[in-house]
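S.K.: One structure, as structure tokens, below. Some questions next.
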There are 4 protein chains.
Amino acid sequence: MTQEPKYKLASRQWKKNNTVVTAKDCQIGGDELLLIAGPCAVENEQQLDQIASFVSGLGIKFLRGGAYKPRTSPYNFQGLQKEGLELLKQASDRYNLGIVTEVMDLSLLDTVYPYTDIIQIGSRNMKNYHFLKELGKTDKPIMLKRGMDATVEEWLLAAEYLLLGGNDQVILCERGIRTFDTSNRNTLDVAGLALAKELSHLPVISDPSQATGNRNLIRATSLASIAAGADGLMIEVHNNPTDALSDGPQSLYLDQLQDMMPDLARIAAAMNKTFSWQKQPEIINA
Amino acid sequence: MTQEPKYKLASRQWKKNNTVVTAKDCQIGGDELLLIAGPCAVENEQQLDQIASFVSGLGIKFLRGGAYKPRTSPYNFQGLQKEGLELLKQASDRYNLGIVTEVMDLSLLDTVYPYTDIIQIGSRNMKNYHFLKELGKTDKPIMLKRGMDATVEEWLLAAEYLLLGGNDQVILCERGIRTFDTSNRNTLDVAGLALAKELSHLPVISDPSQATGNRNLIRATSLASIAAGADGLMIEVHNNPTDALSDGPQSLYLDQLQDMMPDLARIAAAMNKTFSWQKQPEIINA
Amino acid sequence: MTQEPKYKLASRQWKKNNTVVTAKDCQIGGDELLLIAGPCAVENEQQLDQIASFVSGLGIKFLRGGAYKPRTSPYNFQGLQKEGLELLKQASDRYNLGIVTEVMDLSLLDTVYPYTDIIQIGSRNMKNYHFLKELGKTDKPIMLKRGMDATVEEWLLAAEYLLLGGNDQVILCERGIRTFDTSNRNTLDVAGLALAKELSHLPVISDPSQATGNRNLIRATSLASIAAGADGLMIEVHNNPTDALSDGPQSLYLDQLQDMMPDLARIAAAMNKTFSWQKQPEIINA
Amino acid sequence: MTQEPKYKLASRQWKKNNTVVTAKDCQIGGDELLLIAGPCAVENEQQLDQIASFVSGLGIKFLRGGAYKPRTSPYNFQGLQKEGLELLKQASDRYNLGIVTEVMDLSLLDTVYPYTDIIQIGSRNMKNYHFLKELGKTDKPIMLKRGMDATVEEWLLAAEYLLLGGNDQVILCERGIRTFDTSNRNTLDVAGLALAKELSHLPVISDPSQATGNRNLIRATSLASIAAGADGLMIEVHNNPTDALSDGPQSLYLDQLQDMMPDLARIAAAMNKTFSWQKQPEIINA
């Protein structure tokens, strides 16, 4: 990699110091470890409220939740859509949580925009270059998930599309690539994450839930991501994973999320990252 | 694969006989072998006219050409856009050629719709489910390219999204999947093509140019595709590949396309497919 | 690929004309299409005799059959070993068939050598360089299967190890590579096969049985392989696939093999390859 | 994965508690973090002595070094062979280091056996089942590298071959799998490592050097491996990487290894692993 990279604005050559993105009064890409938690999909008020209350009680500052869901099969749950966005807003207001939710298509941008603090670009859209150009014109932080068939260079070139549009508040998110080994849903690429940190000044977070598809591996891969240099984690958690309408097997139970917090704290400290949390008095799994 | 498939309308269980799609008075998926040829991108009037004239002279009935180009790098040629569509129309009128061109984003559908006979959905959009739902409401034939990280089942589920929308004029297009071997740009999956023909009633064509990225291999992979059961081929050809603004190395020279025709005819005949062509009096490579 | 290849003796630059390998009075890599058929594993005398009789009756000249079987699980059938070799010899003598069987380890070379006409190197051994060096010192034709994680260049470098040892009777065999798509057991790489033919003078054959793992796709992928330029095919066939001790699902029934012959003949003819066969009076599926 | 695993002796169901392997008076798979360091290949006495002296001075207890090297090209350095083994012994005696070196072929087992404390099975041999059966009869600890095209299940089945032979001193080593992304040499699969720890009682270590092929990423991927639960690391280091006869780009400089030690210590502590080292008074890079 001694030659000039194909991207410019996204490169370390262009900007030596780490970019720090500000969302909901938090600094992402700086000293603090970012945590985003929440269900795969918003399902109903009670579900989201229980999860949001718990997540916020732990001291986590961002809530994730899909309102519009990209699903491989048209016969699967497609999300609550507009109603899901309203529920996210309710939860955000009640628990003072930042919201991270996906814009699945340009035609949905205006609808989703007012409801989210960080605009999520899903892995299936990472190579939708027309979409990226238009998203680059927005003025909110964007989380760009790596495509499951994207090289690190292609990922940074996708970020370049956003940066060229004028939006410099871009967060990269590693979420596993597709390989021959179906032991896990995807293969979490911590070396790719570390490489992205080396080649680019943008913050990089990790999504161990999408990467592994297996709640038993979330702890190990979360710790590995932080140790590899991730600026944060996005983790799926559900009050009742067994009955989740999507991605149940990869969702943590509420108490599993809490049980993981001391481990995250220890590894974050070892990596010189700030991280704080509070123990919840009582766990309510549905 | 003895269990029920996850898709329904796209399956052979649902519809036993081959679907035959009609576009520009041609039957696709029936006895005749479909040929689509043209440049990767429309570059200018002279380029497109020379190619269209040659392609049409050979007896080929469809012209391909990108007006809006999805490019990995924002610094690469992004297509002539509206002007490119006009040039396609001109060529279509002058040489009575059907047009195949891509709709890159929902916001471009209305613009592109009147100019194309077959709406191309690019491989990067195969998993854009919101996009697929909307495209399913159109009334023109759609060519759905396989995503480079899509299993055969996911490809058929994407077709299901289109069929559920009401559009049953769907043509599948195998264009290579992404694998560890970078000897070729992608790995043409002829067994996947044959499997799609077995599991589904929809026509399946092959794009050896995108699959190999190497003009030296177009002949062999075109023949292999027909022998595997493809209903047609989409091939990139250029009057001056060396100066092409995109994908030059995989574009055939005009005379290479002509040189391949007798081979295509022989394999098509061996597969009981109708195929006719006429020798061009004179080759004009730019 | 304009730069000098890393291999030399295996390259077209070194030897322009196709290498023709002679085994059991047959020319491999010349005008005639090679056919090798037989069971995955030799199981017992009756099984092998029925298959050999049928295969030979069709006019096929080579019998395949594993005596020592590399199996992913130690709890699966490991082959009849020495007894399997004896059964192969019996069948060879009785039906005048050439034998193709694998040498799994250097320590088995002396044992297997007298029983085989073509020494098979399995895909799992393609990168065993010490093994290749020793095999290169033998004086019988060698069929080198491509590793399922090997690039075309690595495959040709493995051939180079054999050629450097002094054995120039090397046949390459494409058998599918490992990719994310588990729809088929492996992904048959016909473009890689065509590329190997372009870069090297060595004969290249195809193994659609290992590649697809699915008997329903053997016909399509066999035809595709010939159309891509393969010099021959190796196909698994069994008198009773349902009860086969290994790889039953990918083994053709005897009558399926016969049913395929007219198709093979037509595609072979279209590719200017000699191919002849005789109809069997009566099919005996066990 | 609720069904019975295909392997038995390697499974957690069979043996609940972690296996602890003893080599050169060290416990592997217990509380202590194992470190193995050394050059890719033994090149000459001065090279090995300088590296061994440094490695031992840091408090590292095992020296790696290839005497017989599996190389993709026959024209590359193939190792010092017997002489390399003698140099390893010298270094071992002089600095009281345990030796880890590869047995490339069964025919080399008797030669290599007396020189090594841990027998390394290379990734290219992970599916050589005849080889595994014979190695299972030995009585020294074995480090079984994961094949670059092996699923976690296939890796554990390979271990099962060894365990069935009677050798229960098996250490698994994750070294990256082969994927479409060539940004890094291979893709380090930390989730696969964590999954192997969950499914099996055997110790699992990580080889970030082979996995990334890039010395700039060794620190991040070493830390990630420990955080994912690895019982140890095997790291390539060279006194003069620029002139290394193999794998120079992935070899750490001596001082880079030392610079990493405090980070390793911190992450090891956060994971409750024992780890100690001493600062070297003076760094000698050649």
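Each chain of the structure tokens is named A, B, ... in the order shown, its residues numbered from 1; ligands are numbered from 1 in display order.
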Give the residues of chain A that lie within 10 Å of chain B; count only C-alpha atoms, and format the answer as number ranges by chain.
M.R.: A: 6-8, 68-75, 78, 104-108, 122-133, 147-150, 153-162, 164, 177-180
S.K.: What lies within 9 Å of Ala265 in chain D using only C-alpha atoms, ignoring chain neighbours under 4 positions off, as number ranges by chain?
M.R.: D: 260-261, 269-270, 273-277
S.K.: Report the distance between CA of Gln120 in chain D and CA of Val190 in chain A in Å, rounded to one decimal place.
M.R.: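 Between CA of Gln120 in chain D and CA of Val190 in chain A the gap is 25.3 Å.
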S.K.: As an exercise, work out the distance from CA of Gly136 in chain D to CA of Val170 in chain D in Å and give it to one decimal place.
M.R.: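 Calculated distance between CA of Gly136 in chain D and CA of Val170 in chain D is 9.3 Å.
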S.K.: Work out how far apart CA of Glu102 in chain D and CA of Arg215 in chain D are and give it in Å to one decimal.
M.R.: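 Between CA of Glu102 in chain D and CA of Arg215 in chain D the gap works out to 22.0 Å.
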